[in-house]
Number of protein chains: 2
Amino acid sequence: MTISQETGGVGPRHFGPGGPVPQPHRVAVSLNRLEPQTGTAFLLRAGQRLVVVDPFGEQVSDFFAVMADDRDEWMSSGRTIDYANSTAVTTGSVLYSNRSRPMATVVEDTCGHHDLLLTPCSQQTFDLLYPEFEGAYHPSCFENLSTAMAEFGIDPDRISTTLNIFMNVWNERGGELHIDPPTSRAGERFVLRAEADLVVGLTACSAEKSNNGVCKPIDYAVED
Amino acid sequence: MTISQETGGVGPRHFGPGGPVPQPHRVAVSLNRLEPQTGTAFLLRAGQRLVVVDPFGEQVSDFFAVMADDRDEWMSSGRTIDYANSTAVTTGSVLYSNRSRPMATVVEDTCGHHDLLLTPCSQQTFDLLYPEFEGAYHPSCFENLSTAMAEFGIDPDRISTTLNIFMNVWNERGGELHIDPPTSRAGERFVLRAEADLVVGLTACSAEKSNNGVCKPIDYAVED
């Protein structure tokens with residue numbers, strides 16, 4: 001499914017390290033839709049942009065990447081946090097590999113709240129944190145990433161902590177985490193530019209608690 | 001080098017999730033010493049305890065582990081944070097693998113401040129964050145872990161975010177990190193019980209800024 005959208009963000013809300021940032025050039029793009037609780041994988045070449053849009057609001061999208069030329073080199077949340085001296089990700093943030101190479105740069109962010117601390121939800125996440133499901137099978141970002149990235153030869157054990165786009169997590173100074181409803185509104189955008197050739201995995205997150213109770217679609221596009 | 005020490009912590013400072021916890025039984029153990037800016041690796045069998053002591057105070061020790069029976073299964077800071085709903089680690093905390101299996105449980109912690117967010121310091125850490133070294137070679141926890149764990153067949157790319165024992169990191173609600181001097185005093189202890197057979201890597205951290213300016217030794221012992 002493809003959807004036409006004017007790129008360029010929602011109203012006046014554009015955030016960067018120093019506060020509001022200029023509106024980008026507006027270009028029409030075609031968006032692909034990830035249906036609720038699904039995922040995909042694809043190649044993103046150096047210089048290409050990945051546009052991720054939350055079409056209805058309050059929906060998380062998990063992002064993971066490995067280097068296309070060496071699939072043992074993977075996106076490291078820890079190195080990314082280290083070099084930014086921050087757990088926050090927004091316009092200007094660079095995602096680093098475990099070998100400290102830049103993999104992608106955030107070039108647009110209309111939302112301002114994303115997460116680099118938590119892993120993609122997995123069957124065990126639901127088993128341990130959602131007792132109401134009583135251990136029953138549940139779709140998960142980990143399963144969706146594993147299945148999609150396996151088509152590019154990526155071992156599931158290579159999938160580490162993801163960048164959880166639009167996920168609204170903060171922690172108290174003592175460490176306790178709070179996962180609040182996403183602040184993303186319908187049409188909110190997050191755009192990454194690849195700094196190397198990447199195999200990317202992307203989901204419409206499957207975890208009810210991360211998406212204010214309802215799992216919804218995610219739209220995305222790759223732009224040259 | 002081995003050092004005799006009475007186990008059991010320092011003065012009245014024992015912390016757990018609910019505050020002060022009872023003093024453990026005191027048993028004499030022999031400690032091995034990691035000289036400043038060095039590391040080691042060893043097998044830790046299920047049920048064995050790893051005692052880590054900061055002999056002089058204000059010194060970080062990076063800990064990483066993989067499953068001994070499948071070295072593609074590794075300690076996941078993200079899964080550990082997820083299941084605890086906290087970035088804090090102290091008595092009672094369980095360290096999980098990327099496959100959501102328990103790997104180790106913290107059974108004693110006299111200090112109360114440790115880090116699960118940051119990666120082991122590497123040459124690139126010094127290149128990027130310590131401009132005063134002008135890109136010169138610097139000993140690092142990543143090199144020390146890689147070298148020591150390679151003797152057990154562990155690929156350096158498997159080394160992910162470490163548990164940084166005695167590292168004093170907190171972040172503001174907006175995400176900015178603060179790396180303060182460790183709160184550990186001389187003799188402070190941190191003890192893990194293995195929940196599975198593990199290959200463990202352990203360092204006396206090499207990064208001056210994490211250790212209040214001076215890199216010092218770390219003592220450790222494996223107890224049955």
# chains A, B, ... in the order shown; residues from 1 in each chain; ligands from 1
>>> interface_residues(of="chain B", to="chain A", cutoff="8 Å", atoms="only C-alpha atoms", output="VMD selection string")
chain B and resid 72 to 73 76 78 to 79 81 to 83 85 to 88 98 to 100 117 to 119 124 to 125 128 to 129 157 160 to 161 170 to 178
>>> write_last_selection(atoms="N, CA, C and O atoms", output="CSV table (one decimal), in the first residue's frame")
chain,number,residue,atom,x,y,z
B,72,ASP,N,26.8,-17.3,21.2
B,72,ASP,CA,26.0,-16.3,20.5
B,72,ASP,C,25.0,-15.7,21.4
B,72,ASP,O,24.2,-14.8,20.9
B,73,GLU,N,24.9,-16.2,22.6
B,73,GLU,CA,23.9,-15.6,23.6
B,73,GLU,C,24.6,-14.8,24.6
B,73,GLU,O,25.5,-15.3,25.3
B,76,SER,N,22.4,-8.8,27.8
B,76,SER,CA,21.7,-7.7,27.1
B,76,SER,C,21.3,-6.7,28.2
B,76,SER,O,20.4,-6.9,29.0
B,78,GLY,N,19.7,-4.1,27.4
B,78,GLY,CA,18.3,-3.7,27.1
B,78,GLY,C,17.3,-4.6,27.7
B,78,GLY,O,16.3,-4.1,28.3
B,79,ARG,N,17.5,-5.9,27.6
B,79,ARG,CA,16.5,-6.9,28.2
B,79,ARG,C,16.5,-6.7,29.7
B,79,ARG,O,15.5,-6.8,30.4
B,81,ILE,N,17.2,-4.0,31.5
B,81,ILE,CA,16.5,-2.8,31.8
B,81,ILE,C,15.0,-3.0,31.6
B,81,ILE,O,14.2,-2.6,32.5
B,82,ASP,N,14.6,-3.6,30.5
B,82,ASP,CA,13.2,-3.9,30.2
B,82,ASP,C,12.5,-4.6,31.4
B,82,ASP,O,11.4,-4.2,31.8
B,83,TYR,N,13.1,-5.7,31.8
B,83,TYR,CA,12.4,-6.6,32.7
B,83,TYR,C,12.4,-6.0,34.1
B,83,TYR,O,11.6,-6.3,35.0
B,85,ASN,N,12.3,-2.7,34.6
B,85,ASN,CA,11.7,-1.4,34.4
B,85,ASN,C,12.5,-0.3,35.0
B,85,ASN,O,12.0,0.6,35.6
B,86,SER,N,13.8,-0.5,35.0
B,86,SER,CA,14.7,0.4,35.6
B,86,SER,C,16.1,0.3,35.0
B,86,SER,O,16.5,-0.8,34.6
B,87,THR,N,16.9,1.4,35.0
B,87,THR,CA,18.3,1.3,34.6
B,87,THR,C,19.2,1.1,35.8
B,87,THR,O,20.4,0.9,35.6
B,88,ALA,N,18.6,1.0,37.0
B,88,ALA,CA,19.4,0.8,38.2
B,88,ALA,C,19.7,-0.7,38.4
B,88,ALA,O,18.9,-1.5,38.0
B,98,ASN,N,20.3,-11.8,25.7
B,98,ASN,CA,19.5,-11.3,24.5
B,98,ASN,C,18.3,-12.2,24.3
B,98,ASN,O,17.3,-11.8,23.6
B,99,ARG,N,18.4,-13.5,24.7
B,99,ARG,CA,17.3,-14.4,24.5
B,99,ARG,C,16.4,-14.5,25.8
B,99,ARG,O,15.6,-15.4,26.0
B,100,SER,N,16.6,-13.5,26.7
B,100,SER,CA,15.7,-13.3,27.8
B,100,SER,C,15.9,-14.4,28.9
B,100,SER,O,15.0,-14.7,29.7
B,117,LEU,N,24.1,1.7,31.0
B,117,LEU,CA,23.8,2.5,29.8
B,117,LEU,C,25.0,2.5,28.8
B,117,LEU,O,24.8,2.6,27.6
B,118,LEU,N,26.2,2.5,29.4
B,118,LEU,CA,27.4,2.9,28.5
B,118,LEU,C,28.2,1.7,28.2
B,118,LEU,O,28.2,0.6,28.9
B,119,THR,N,28.9,1.8,27.0
B,119,THR,CA,29.7,0.7,26.5
B,119,THR,C,31.1,0.8,27.2
B,119,THR,O,31.5,1.8,27.7
B,124,GLN,N,38.3,4.3,20.3
B,124,GLN,CA,37.4,5.3,19.7
B,124,GLN,C,36.8,6.2,20.8
B,124,GLN,O,36.6,7.4,20.5
B,125,THR,N,36.5,5.6,22.0
B,125,THR,CA,36.1,6.5,23.0
B,125,THR,C,37.1,7.6,23.3
B,125,THR,O,36.7,8.8,23.5
B,128,LEU,N,37.3,10.1,20.5
B,128,LEU,CA,36.2,11.0,20.3
B,128,LEU,C,35.9,11.9,21.6
B,128,LEU,O,35.5,13.0,21.4
B,129,LEU,N,36.2,11.4,22.7
B,129,LEU,CA,35.7,12.1,23.9
B,129,LEU,C,36.9,12.6,24.8
B,129,LEU,O,36.7,13.4,25.7
B,157,ASP,N,33.0,-8.5,18.3
B,157,ASP,CA,31.7,-8.0,17.9
B,157,ASP,C,30.5,-8.4,18.8
B,157,ASP,O,29.4,-7.9,18.7
B,160,SER,N,28.9,-6.2,23.9
B,160,SER,CA,27.9,-5.1,23.8
B,160,SER,C,28.0,-4.2,25.0
B,160,SER,O,29.1,-4.1,25.6
B,161,THR,N,26.9,-3.5,25.4
B,161,THR,CA,26.9,-2.7,26.5
B,161,THR,C,27.3,-3.5,27.8
B,161,THR,O,26.7,-4.6,28.0
B,170,TRP,N,24.1,9.1,35.9
B,170,TRP,CA,22.7,9.4,36.0
B,170,TRP,C,22.3,10.3,34.9
B,170,TRP,O,23.2,11.0,34.3
B,171,ASN,N,21.0,10.3,34.5
B,171,ASN,CA,20.7,11.1,33.4
B,171,ASN,C,19.5,12.0,33.8
B,171,ASN,O,18.6,11.6,34.5
B,172,GLU,N,19.5,13.2,33.2
B,172,GLU,CA,18.4,14.1,33.4
B,172,GLU,C,17.2,13.6,32.6
B,172,GLU,O,17.3,12.8,31.7
B,173,ARG,N,16.0,14.1,33.0
B,173,ARG,CA,14.8,13.7,32.3
B,173,ARG,C,14.9,13.9,30.8
B,173,ARG,O,14.4,13.2,30.0
B,174,GLY,N,15.6,15.0,30.4
B,174,GLY,CA,15.8,15.3,29.0
B,174,GLY,C,16.8,14.4,28.3
B,174,GLY,O,16.9,14.4,27.1
B,175,GLY,N,17.5,13.5,29.1
B,175,GLY,CA,18.4,12.5,28.5
B,175,GLY,C,19.9,12.8,28.7
B,175,GLY,O,20.7,11.9,28.6
B,176,GLU,N,20.2,14.0,29.1
B,176,GLU,CA,21.7,14.3,29.2
B,176,GLU,C,22.3,13.5,30.4
B,176,GLU,O,21.7,13.4,31.4
B,177,LEU,N,23.5,12.9,30.1
B,177,LEU,CA,24.1,12.1,31.1
B,177,LEU,C,25.1,12.8,31.9
B,177,LEU,O,25.7,13.8,31.5
B,178,HIS,N,25.2,12.4,33.2
B,178,HIS,CA,26.2,12.9,34.1
B,178,HIS,C,27.1,11.7,34.6
B,178,HIS,O,26.5,10.8,35.1
>>> residues_around(residues="Met149 (chain B)", least_positions_apart="4", cutoff="6 Å", atoms="only C-alpha atoms", output="mmCIF file with C-alpha atoms, in the first residue's frame")
data_model
loop_
_atom_site.group_PDB
_atom_site.id
_atom_site.type_symbol
_atom_site.label_atom_id
_atom_site.label_comp_id
_atom_site.auth_asym_id
_atom_site.auth_seq_id
_atom_site.Cartn_x
_atom_site.Cartn_y
_atom_site.Cartn_z
ATOM 1 C CA ALA B 41 38.188 -13.546 31.470
ATOM 2 C CA LEU B 145 37.729 -7.521 27.318
ATOM 3 C CA ILE B 154 34.360 -14.823 21.944
#
>>> residues_around(residues="Asp54 (chain A)", least_positions_apart="2", cutoff="6 Å", atoms="only C-alpha atoms", output="compact mmCIF listing (two decimals) with N, CA and C atoms, in the first residue's frame")
# COMPACT_ATOMS: atom_id res chain seq x y z
N PHE A 56 -1.48 7.88 12.31
CA PHE A 56 -2.65 8.15 13.15
C PHE A 56 -2.28 8.74 14.51
N GLY A 57 -0.98 8.75 14.84
CA GLY A 57 -0.54 9.27 16.13
C GLY A 57 -0.43 8.19 17.19
N ALA A 186 -0.93 12.56 14.59
CA ALA A 186 -1.08 12.05 13.22
C ALA A 186 -0.21 12.86 12.25
N GLY A 187 0.61 12.17 11.48
CA GLY A 187 1.45 12.83 10.48
C GLY A 187 2.84 13.18 10.97
N GLU A 188 3.11 12.92 12.23
CA GLU A 188 4.44 13.25 12.78
C GLU A 188 5.51 12.45 12.05
N ILE A 218 2.31 2.05 10.69
CA ILE A 218 3.41 3.01 10.50
C ILE A 218 3.63 3.15 8.99
>>> select_by_dssp(residues="chain B", states="helix (DSSP H, G or I)", output="ChimeraX atom specification")
/B:77-84,123-129,131-133,141-150,156-158,208-211
>>> residues_around(residues="region 63-66 of chain A", least_positions_apart="2", cutoff="6 Å", atoms="only C-alpha atoms", output="JSON, numbers by chain")
{"A": [71, 73, 74, 75, 162, 163, 198, 199, 200, 201, 202]}
>>> closest_residue(among="B:Ala148, B:Cys141, B:Met167, B:Ala104", to="Ala46 (chain B)", atoms="only C-alpha atoms")
B:Ala104
>>> atom_distance(atom1="CA of Lys216 (chain B)", atom2="CA of Val51 (chain B)")
17.2 Å
>>> select_by_dssp(residues="chain B", states="strand (DSSP E)", output="JSON list (two decimals) with N, CA and C atoms, in the first residue's frame")
[["chain", "number", "residue", "atom", "x", "y", "z"],
["B", 2, "THR", "N", 47.24, -12.29, 45.07],
["B", 2, "THR", "CA", 46.03, -12.54, 45.86],
["B", 2, "THR", "C", 46.08, -11.75, 47.15],
["B", 3, "ILE", "N", 44.93, -11.37, 47.61],
["B", 3, "ILE", "CA", 44.80, -10.52, 48.79],
["B", 3, "ILE", "C", 43.75, -11.16, 49.69],
["B", 4, "SER", "N", 44.01, -11.21, 50.97],
["B", 4, "SER", "CA", 42.98, -11.72, 51.88],
["B", 4, "SER", "C", 42.06, -10.59, 52.28],
["B", 5, "GLN", "N", 40.78, -10.88, 52.32],
["B", 5, "GLN", "CA", 39.83, -9.87, 52.78],
["B", 5, "GLN", "C", 38.69, -10.57, 53.48],
["B", 6, "GLU", "N", 38.19, -9.96, 54.51],
["B", 6, "GLU", "CA", 36.95, -10.43, 55.11],
["B", 6, "GLU", "C", 35.82, -9.97, 54.21],
["B", 15, "PHE", "N", 22.76, -1.84, 50.36],
["B", 15, "PHE", "CA", 21.56, -1.33, 49.71],
["B", 15, "PHE", "C", 20.83, -2.44, 48.98],
["B", 16, "GLY", "N", 19.55, -2.36, 48.97],
["B", 16, "GLY", "CA", 18.71, -3.23, 48.17],
["B", 16, "GLY", "C", 17.54, -2.42, 47.69],
["B", 19, "GLY", "N", 15.96, -0.47, 50.43],
["B", 19, "GLY", "CA", 16.81, 0.26, 51.36],
["B", 19, "GLY", "C", 17.85, -0.67, 51.96],
["B", 20, "PRO", "N", 18.27, -0.42, 53.19],
["B", 20, "PRO", "CA", 19.32, -1.24, 53.81],
["B", 20, "PRO", "C", 18.91, -2.71, 53.85],
["B", 28, "ALA", "N", 36.24, -15.57, 54.99],
["B", 28, "ALA", "CA", 37.51, -15.12, 54.42],
["B", 28, "ALA", "C", 37.66, -15.66, 53.00],
["B", 29, "VAL", "N", 38.04, -14.81, 52.05],
["B", 29, "VAL", "CA", 38.30, -15.26, 50.67],
["B", 29, "VAL", "C", 39.62, -14.67, 50.22],
["B", 30, "SER", "N", 40.20, -15.32, 49.22],
["B", 30, "SER", "CA", 41.40, -14.78, 48.58],
["B", 30, "SER", "C", 40.97, -14.03, 47.34],
["B", 31, "LEU", "N", 41.47, -12.83, 47.18],
["B", 31, "LEU", "CA", 41.11, -12.01, 46.04],
["B", 31, "LEU", "C", 42.24, -11.97, 45.04],
["B", 32, "ASN", "N", 41.87, -11.99, 43.77],
["B", 32, "ASN", "CA", 42.83, -11.75, 42.70],
["B", 32, "ASN", "C", 42.81, -10.26, 42.39],
["B", 33, "ARG", "N", 43.95, -9.75, 41.97],
["B", 33, "ARG", "CA", 44.01, -8.32, 41.67],
["B", 33, "ARG", "C", 44.16, -8.08, 40.16],
["B", 34, "LEU", "N", 43.29, -7.22, 39.65],
["B", 34, "LEU", "CA", 43.47, -6.68, 38.29],
["B", 34, "LEU", "C", 44.22, -5.37, 38.44],
["B", 39, "GLY", "N", 42.43, -6.32, 32.25],
["B", 39, "GLY", "CA", 41.20, -7.11, 32.30],
["B", 39, "GLY", "C", 41.52, -8.58, 32.29],
["B", 40, "THR", "N", 40.48, -9.39, 32.49],
["B", 40, "THR", "CA", 40.64, -10.83, 32.49],
["B", 40, "THR", "C", 39.34, -11.47, 32.02],
["B", 41, "ALA", "N", 39.40, -12.78, 31.78],
["B", 41, "ALA", "CA", 38.19, -13.55, 31.47],
["B", 41, "ALA", "C", 38.32, -14.91, 32.13],
["B", 42, "PHE", "N", 37.17, -15.50, 32.47],
["B", 42, "PHE", "CA", 37.19, -16.80, 33.15],
["B", 42, "PHE", "C", 35.79, -17.40, 33.06],
["B", 43, "LEU", "N", 35.73, -18.69, 33.36],
["B", 43, "LEU", "CA", 34.44, -19.38, 33.43],
["B", 43, "LEU", "C", 33.84, -19.17, 34.81],
["B", 44, "LEU", "N", 32.56, -18.91, 34.85],
["B", 44, "LEU", "CA", 31.82, -18.81, 36.11],
["B", 44, "LEU", "C", 30.65, -19.79, 35.99],
["B", 49, "ARG", "N", 29.72, -17.64, 42.73],
["B", 49, "ARG", "CA", 29.59, -16.20, 42.94],
["B", 49, "ARG", "C", 30.85, -15.49, 42.50],
["B", 50, "LEU", "N", 30.66, -14.38, 41.88],
["B", 50, "LEU", "CA", 31.77, -13.50, 41.53],
["B", 50, "LEU", "C", 31.74, -12.31, 42.48],
["B", 51, "VAL", "N", 32.82, -12.19, 43.26],
["B", 51, "VAL", "CA", 32.96, -11.08, 44.20],
["B", 51, "VAL", "C", 33.86, -10.03, 43.55],
["B", 52, "VAL", "N", 33.38, -8.81, 43.42],
["B", 52, "VAL", "CA", 34.18, -7.71, 42.86],
["B", 52, "VAL", "C", 34.36, -6.66, 43.95],
["B", 53, "VAL", "N", 35.60, -6.31, 44.23],
["B", 53, "VAL", "CA", 35.91, -5.37, 45.31],
["B", 53, "VAL", "C", 36.70, -4.20, 44.73],
["B", 54, "ASP", "N", 36.34, -3.02, 45.17],
["B", 54, "ASP", "CA", 37.08, -1.80, 44.82],
["B", 54, "ASP", "C", 38.07, -1.52, 45.95],
["B", 61, "SER", "N", 34.65, -1.11, 37.38],
["B", 61, "SER", "CA", 34.99, -2.42, 36.81],
["B", 61, "SER", "C", 33.92, -2.80, 35.81],
["B", 62, "ASP", "N", 34.31, -2.96, 34.54],
["B", 62, "ASP", "CA", 33.33, -3.36, 33.51],
["B", 62, "ASP", "C", 33.16, -4.87, 33.51],
["B", 63, "PHE", "N", 31.90, -5.31, 33.46],
["B", 63, "PHE", "CA", 31.55, -6.74, 33.49],
["B", 63, "PHE", "C", 30.76, -7.07, 32.24],
["B", 64, "PHE", "N", 31.16, -8.15, 31.55],
["B", 64, "PHE", "CA", 30.36, -8.66, 30.44],
["B", 64, "PHE", "C", 30.35, -10.17, 30.52],
["B", 65, "ALA", "N", 29.32, -10.79, 29.95],
["B", 65, "ALA", "CA", 29.21, -12.25, 30.01],
["B", 65, "ALA", "C", 28.50, -12.77, 28.78],
["B", 66, "VAL", "N", 28.89, -13.97, 28.38],
["B", 66, "VAL", "CA", 28.16, -14.73, 27.36],
["B", 66, "VAL", "C", 27.89, -16.12, 27.94],
["B", 67, "MET", "N", 26.91, -16.79, 27.38],
["B", 67, "MET", "CA", 26.61, -18.13, 27.84],
["B", 67, "MET", "C", 27.74, -19.07, 27.42],
["B", 70, "ASP", "N", 26.57, -21.53, 24.63],
["B", 70, "ASP", "CA", 26.22, -20.99, 23.32],
["B", 70, "ASP", "C", 26.69, -19.54, 23.27],
["B", 71, "ARG", "N", 27.83, -19.35, 22.67],
["B", 71, "ARG", "CA", 28.49, -18.05, 22.80],
["B", 71, "ARG", "C", 27.90, -16.98, 21.89],
["B", 72, "ASP", "N", 26.81, -17.33, 21.20],
["B", 72, "ASP", "CA", 26.02, -16.33, 20.49],
["B", 72, "ASP", "C", 24.96, -15.70, 21.38],
["B", 73, "GLU", "N", 24.85, -16.18, 22.62],
["B", 73, "GLU", "CA", 23.87, -15.63, 23.56],
["B", 73, "GLU", "C", 24.63, -14.78, 24.57],
["B", 74, "TRP", "N", 24.27, -13.53, 24.67],
["B", 74, "TRP", "CA", 25.10, -12.55, 25.36],
["B", 74, "TRP", "C", 24.26, -11.70, 26.33],
["B", 94, "VAL", "N", 18.45, -8.95, 38.23],
["B", 94, "VAL", "CA", 18.79, -10.10, 37.38],
["B", 94, "VAL", "C", 19.32, -9.58, 36.06],
["B", 95, "LEU", "N", 20.46, -10.09, 35.64],
["B", 95, "LEU", "CA", 21.01, -9.75, 34.32],
["B", 95, "LEU", "C", 20.51, -10.79, 33.32],
["B", 96, "TYR", "N", 19.86, -10.30, 32.26],
["B", 96, "TYR", "CA", 19.26, -11.19, 31.26],
["B", 96, "TYR", "C", 20.11, -11.24, 29.99],
["B", 102, "PRO", "N", 17.81, -15.65, 32.34],
["B", 102, "PRO", "CA", 18.63, -15.09, 33.43],
["B", 102, "PRO", "C", 20.07, -15.60, 33.33],
["B", 103, "MET", "N", 21.01, -14.68, 33.47],
["B", 103, "MET", "CA", 22.43, -15.04, 33.43],
["B", 103, "MET", "C", 23.06, -14.92, 34.81],
["B", 104, "ALA", "N", 22.69, -13.91, 35.58],
["B", 104, "ALA", "CA", 23.29, -13.69, 36.90],
["B", 104, "ALA", "C", 22.34, -12.84, 37.73],
["B", 105, "THR", "N", 22.46, -12.99, 39.05],
["B", 105, "THR", "CA", 21.67, -12.20, 40.00],
["B", 105, "THR", "C", 22.63, -11.49, 40.95],
["B", 106, "VAL", "N", 22.35, -10.24, 41.20],
["B", 106, "VAL", "CA", 23.17, -9.49, 42.17],
["B", 106, "VAL", "C", 22.74, -9.92, 43.57],
["B", 107, "VAL", "N", 23.69, -10.43, 44.34],
["B", 107, "VAL", "CA", 23.34, -10.93, 45.68],
["B", 107, "VAL", "C", 23.92, -10.05, 46.79],
["B", 108, "GLU", "N", 24.79, -9.14, 46.46],
["B", 108, "GLU", "CA", 25.31, -8.22, 47.48],
["B", 108, "GLU", "C", 25.81, -6.96, 46.77],
["B", 109, "ASP", "N", 25.56, -5.82, 47.37],
["B", 109, "ASP", "CA", 25.95, -4.54, 46.76],
["B", 109, "ASP", "C", 26.10, -3.53, 47.87],
["B", 163, "LEU", "N", 27.89, -4.12, 32.05],
["B", 163, "LEU", "CA", 27.51, -3.64, 33.38],
["B", 163, "LEU", "C", 28.75, -3.00, 33.97],
["B", 164, "ASN", "N", 28.68, -1.72, 34.23],
["B", 164, "ASN", "CA", 29.84, -0.97, 34.69],
["B", 164, "ASN", "C", 29.72, -0.79, 36.20],
["B", 165, "ILE", "N", 30.33, -1.76, 36.89],
["B", 165, "ILE", "CA", 30.22, -1.83, 38.35],
["B", 165, "ILE", "C", 30.94, -0.63, 38.95],
["B", 168, "ASN", "N", 29.27, 5.70, 38.22],
["B", 168, "ASN", "CA", 28.23, 6.57, 38.78],
["B", 168, "ASN", "C", 27.66, 7.47, 37.69],
["B", 169, "VAL", "N", 26.62, 6.97, 37.05],
["B", 169, "VAL", "CA", 26.01, 7.67, 35.91],
["B", 169, "VAL", "C", 24.54, 7.94, 36.22],
["B", 170, "TRP", "N", 24.11, 9.13, 35.94],
["B", 170, "TRP", "CA", 22.67, 9.40, 36.02],
["B", 170, "TRP", "C", 22.31, 10.31, 34.87],
["B", 171, "ASN", "N", 21.03, 10.27, 34.49],
["B", 171, "ASN", "CA", 20.65, 11.15, 33.39],
["B", 171, "ASN", "C", 19.47, 12.02, 33.75],
["B", 177, "LEU", "N", 23.46, 12.92, 30.09],
["B", 177, "LEU", "CA", 24.11, 12.06, 31.08],
["B", 177, "LEU", "C", 25.09, 12.84, 31.93],
["B", 178, "HIS", "N", 25.23, 12.37, 33.16],
["B", 178, "HIS", "CA", 26.25, 12.89, 34.06],
["B", 178, "HIS", "C", 27.06, 11.71, 34.57],
["B", 179, "ILE", "N", 28.37, 11.75, 34.35],
["B", 179, "ILE", "CA", 29.26, 10.71, 34.86],
["B", 179, "ILE", "C", 30.02, 11.33, 36.03],
["B", 180, "ASP", "N", 29.59, 11.01, 37.22],
["B", 180, "ASP", "CA", 30.19, 11.58, 38.42],
["B", 180, "ASP", "C", 31.23, 10.62, 38.99],
["B", 188, "GLU", "N", 34.61, -1.50, 49.09],
["B", 188, "GLU", "CA", 33.21, -1.67, 48.67],
["B", 188, "GLU", "C", 33.09, -2.92, 47.79],
["B", 189, "ARG", "N", 31.94, -3.64, 47.91],
["B", 189, "ARG", "CA", 31.79, -4.95, 47.26],
["B", 189, "ARG", "C", 30.53, -5.03, 46.42],
["B", 190, "PHE", "N", 30.63, -5.86, 45.38],
["B", 190, "PHE", "CA", 29.50, -6.15, 44.49],
["B", 190, "PHE", "C", 29.61, -7.63, 44.14],
["B", 191, "VAL", "N", 28.57, -8.39, 44.42],
["B", 191, "VAL", "CA", 28.64, -9.84, 44.26],
["B", 191, "VAL", "C", 27.50, -10.32, 43.37],
["B", 192, "LEU", "N", 27.86, -11.10, 42.35],
["B", 192, "LEU", "CA", 26.89, -11.71, 41.42],
["B", 192, "LEU", "C", 26.89, -13.22, 41.61],
["B", 193, "ARG", "N", 25.72, -13.83, 41.53],
["B", 193, "ARG", "CA", 25.62, -15.29, 41.48],
["B", 193, "ARG", "C", 25.26, -15.68, 40.05],
["B", 194, "ALA", "N", 26.02, -16.59, 39.46],
["B", 194, "ALA", "CA", 25.72, -17.04, 38.09],
["B", 194, "ALA", "C", 24.48, -17.91, 38.09],
["B", 198, "LEU", "N", 28.75, -19.37, 32.58],
["B", 198, "LEU", "CA", 29.07, -18.14, 31.85],
["B", 198, "LEU", "C", 30.56, -18.05, 31.52],
["B", 199, "VAL", "N", 30.86, -17.40, 30.41],
["B", 199, "VAL", "CA", 32.20, -16.84, 30.19],
["B", 199, "VAL", "C", 32.11, -15.37, 30.57],
["B", 200, "VAL", "N", 32.91, -14.99, 31.54],
["B", 200, "VAL", "CA", 32.86, -13.62, 32.08],
["B", 200, "VAL", "C", 34.11, -12.86, 31.67],
["B", 201, "GLY", "N", 33.92, -11.60, 31.30],
["B", 201, "GLY", "CA", 35.02, -10.67, 31.13],
["B", 201, "GLY", "C", 34.91, -9.58, 32.19],
["B", 202, "LEU", "N", 36.05, -9.18, 32.75],
["B", 202, "LEU", "CA", 36.05, -8.22, 33.87],
["B", 202, "LEU", "C", 37.28, -7.32, 33.74],
["B", 203, "THR", "N", 37.09, -6.05, 34.00],
["B", 203, "THR", "CA", 38.23, -5.11, 33.88],
["B", 203, "THR", "C", 38.38, -4.23, 35.12],
["B", 218, "ILE", "N", 41.36, -3.33, 40.58],
["B", 218, "ILE", "CA", 40.12, -3.97, 41.02],
["B", 218, "ILE", "C", 40.48, -5.38, 41.54],
["B", 219, "ASP", "N", 39.87, -5.79, 42.63],
["B", 219, "ASP", "CA", 40.07, -7.14, 43.15],
["B", 219, "ASP", "C", 38.83, -7.97, 42.89],
["B", 220, "TYR", "N", 39.02, -9.27, 42.70],
["B", 220, "TYR", "CA", 37.87, -10.14, 42.47],
["B", 220, "TYR", "C", 38.18, -11.55, 42.94],
["B", 221, "ALA", "N", 37.12, -12.31, 43.15],
["B", 221, "ALA", "CA", 37.26, -13.73, 43.51],
["B", 221, "ALA", "C", 36.06, -14.47, 42.98],
["B", 222, "VAL", "N", 36.25, -15.75, 42.69],
["B", 222, "VAL", "CA", 35.15, -16.66, 42.36],
["B", 222, "VAL", "C", 34.96, -17.59, 43.56],
["B", 223, "GLU", "N", 33.76, -17.64, 44.08],
["B", 223, "GLU", "CA", 33.45, -18.48, 45.24],
["B", 223, "GLU", "C", 32.47, -19.58, 44.82]]
